[in-house]
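S.K.: Dropping in my_file_4.pdb, which is PDB, C-alpha atoms, pLDDT in the B column:
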ATOM      1  CA  LEU A  23     -13.140   5.600  21.133  1.00 85.00           C
ATOM      2  CA  PRO A  24     -11.916   3.791  17.982  1.00 81.00           C
ATOM      3  CA  ALA A  25     -14.762   1.283  18.284  1.00 89.00           C
ATOM      4  CA  ALA A  26     -17.301   4.113  18.552  1.00 93.00           C
ATOM      5  CA  ALA A  27     -15.792   5.835  15.505  1.00 88.00           C
ATOM      6  CA  ALA A  28     -15.966   2.592  13.505  1.00 88.00           C
ATOM      7  CA  LEU A  29     -19.594   2.133  14.539  1.00 93.00           C
ATOM      8  CA  VAL A  30     -20.490   5.667  13.455  1.00 94.00           C
ATOM      9  CA  CYS A  31     -18.739   5.167  10.098  1.00 91.00           C
ATOM     10  CA  ALA A  32     -20.597   1.895   9.527  1.00 92.00           C
ATOM     11  CA  ALA A  33     -23.924   3.495  10.444  1.00 95.00           C
ATOM     12  CA  VAL A  34     -23.366   6.496   8.163  1.00 95.00           C
ATOM     13  CA  GLY A  35     -22.356   4.224   5.295  1.00 93.00           C
ATOM     14  CA  ALA A  36     -25.391   1.996   5.802  1.00 95.00           C
ATOM     15  CA  GLY A  37     -27.639   5.053   5.990  1.00 96.00           C
ATOM     16  CA  LEU A  38     -26.259   6.470   2.751  1.00 95.00           C
ATOM     17  CA  VAL A  39     -26.949   3.194   0.968  1.00 96.00           C
ATOM     18  CA  TRP A  40     -30.380   2.788   2.560  1.00 96.00           C
ATOM     19  CA  ARG A  41     -31.494   6.281   1.571  1.00 96.00           C
ATOM     20  CA  GLY A  42     -30.219   5.740  -1.980  1.00 95.00           C
ATOM     21  CA  TYR A  43     -27.512   8.408  -1.976  1.00 95.00           C
ATOM     22  CA  HIS A  44     -24.715   5.908  -2.754  1.00 95.00           C
ATOM     23  CA  TRP A  45     -24.264   2.455  -4.172  1.00 96.00           C
ATOM     24  CA  PRO A  46     -22.996  -0.205  -1.739  1.00 95.00           C
ATOM     25  CA  LEU A  47     -19.701  -0.475  -3.640  1.00 96.00           C
ATOM     26  CA  ASP A  48     -19.174   3.292  -3.272  1.00 94.00           C
ATOM     27  CA  VAL A  49     -19.329   2.977   0.505  1.00 94.00           C
ATOM     28  CA  LEU A  50     -17.204  -0.184   0.547  1.00 94.00           C
ATOM     29  CA  GLY A  51     -14.641   1.462  -1.719  1.00 95.00           C
ATOM     30  CA  SER A  52     -14.393   4.517   0.523  1.00 93.00           C
ATOM     31  CA  TRP A  53     -13.787   2.275   3.538  1.00 91.00           C
ATOM     32  CA  CYS A  54     -11.133   0.323   1.626  1.00 93.00           C
ATOM     33  CA  LEU A  55      -9.423   3.586   0.677  1.00 94.00           C
ATOM     34  CA  GLY A  56      -9.840   5.233   4.072  1.00 90.00           C
ATOM     35  CA  VAL A  57      -8.223   2.478   6.137  1.00 90.00           C
ATOM     36  CA  PRO A  58      -4.833   2.560   4.325  1.00 93.00           C
ATOM     37  CA  LEU A  59      -4.867   6.360   4.268  1.00 93.00           C
ATOM     38  CA  LEU A  60      -5.513   6.494   8.010  1.00 89.00           C
ATOM     39  CA  ALA A  61      -2.757   3.942   8.613  1.00 91.00           C
ATOM     40  CA  ALA A  62      -0.338   6.024   6.536  1.00 93.00           C
ATOM     41  CA  VAL A  63      -1.200   9.209   8.432  1.00 92.00           C
ATOM     42  CA  LEU A  64      -0.711   7.450  11.760  1.00 89.00           C
ATOM     43  CA  ALA A  65       2.626   6.010  10.598  1.00 92.00           C
ATOM     44  CA  VAL A  66       3.910   9.411   9.472  1.00 94.00           C
ATOM     45  CA  SER A  67       2.663  11.277  12.536  1.00 90.00           C
ATOM     46  CA  GLY A  68       4.230   8.915  15.038  1.00 83.00           C
ATOM     47  CA  GLY A  69       1.508   6.410  15.517  1.00 68.00           C
ATOM     48  CA  SER A  70      -0.292   6.339  18.810  1.00 63.00           C
ATOM     49  CA  GLY A  71      -2.591   9.312  18.446  1.00 56.00           C
ATOM     50  CA  GLY A  72      -1.124  11.350  21.255  1.00 57.00           C
ATOM     51  CA  SER A  73      -1.052   9.012  24.225  1.00 57.00           C
ATOM     52  CA  GLU A  74       2.743   8.831  24.188  1.00 58.00           C
ATOM     53  CA  ARG A  75       3.671  12.387  23.269  1.00 61.00           C
ATOM     54  CA  HIS A  76       7.010  13.610  24.455  1.00 66.00           C
ATOM     55  CA  ARG A  77       6.867  16.438  26.919  1.00 70.00           C
ATOM     56  CA  PRO A  78       9.927  18.635  27.194  1.00 74.00           C
ATOM     57  CA  ASP A  79      11.829  18.509  30.460  1.00 75.00           C
ATOM     58  CA  PRO A  80      11.273  21.477  32.753  1.00 75.00           C
ATOM     59  CA  PRO A  81      14.120  23.974  32.928  1.00 78.00           C
ATOM     60  CA  ASP A  82      16.687  23.363  35.650  1.00 79.00           C
ATOM     61  CA  GLY A  83      17.109  25.677  38.603  1.00 63.00           C
ATOM     62  CA  SER A  84      13.504  26.340  39.458  1.00 57.00           C
TER
END
Kindly present the structure from the file in structure tokens form.
M.R.:
Amino acid sequence: LPAAAALVCAAVGAGLVWRGYHWPLDVLGSWCLGVPLLAAVLAVSGGSGGSERHRPDPPDGS
């Protein structure tokens, strides 16, 4: 899934440049800003994106 998301982001960025909506440095700058922001969000939220979420123990006696 992360590889597919990276591919979609690269394709959208290339398409925006190709169609003339953005300069190449605009797209490169957004990628350079987006990667650290995503890393910070993952660090604050616990990291793994949900694959290791803690589930509460079931109540005793049932």
S.K.: Between CA of Ala25 in chain A and CA of Gly42 in chain A, measure the distance and give it in Å to one decimal.
M.R.: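 Between CA of Ala25 in chain A and CA of Gly42 in chain A the gap is 25.9 Å.
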S.K.: Give me, please, the distance in Å between CA of Val34 in chain A and CA of Asp48 in chain A, quoted to one decimal.
M.R.: 12.6 Å
S.K.: Please measure the separation of CA of Pro78 in chain A and CA of Ala62 in chain A, giving the value in Å to one decimal.
M.R.: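 The value is 26.3 Å.
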S.K.: Please write as a ChimeraX atom specification the list of polymer residues whose atoms come within 10 Å of (-20.1, 2.1, 1.0), counting only C-alpha atoms and keeping to the coordinates of the file.
M.R.: /A:31-32,34-39,44-54
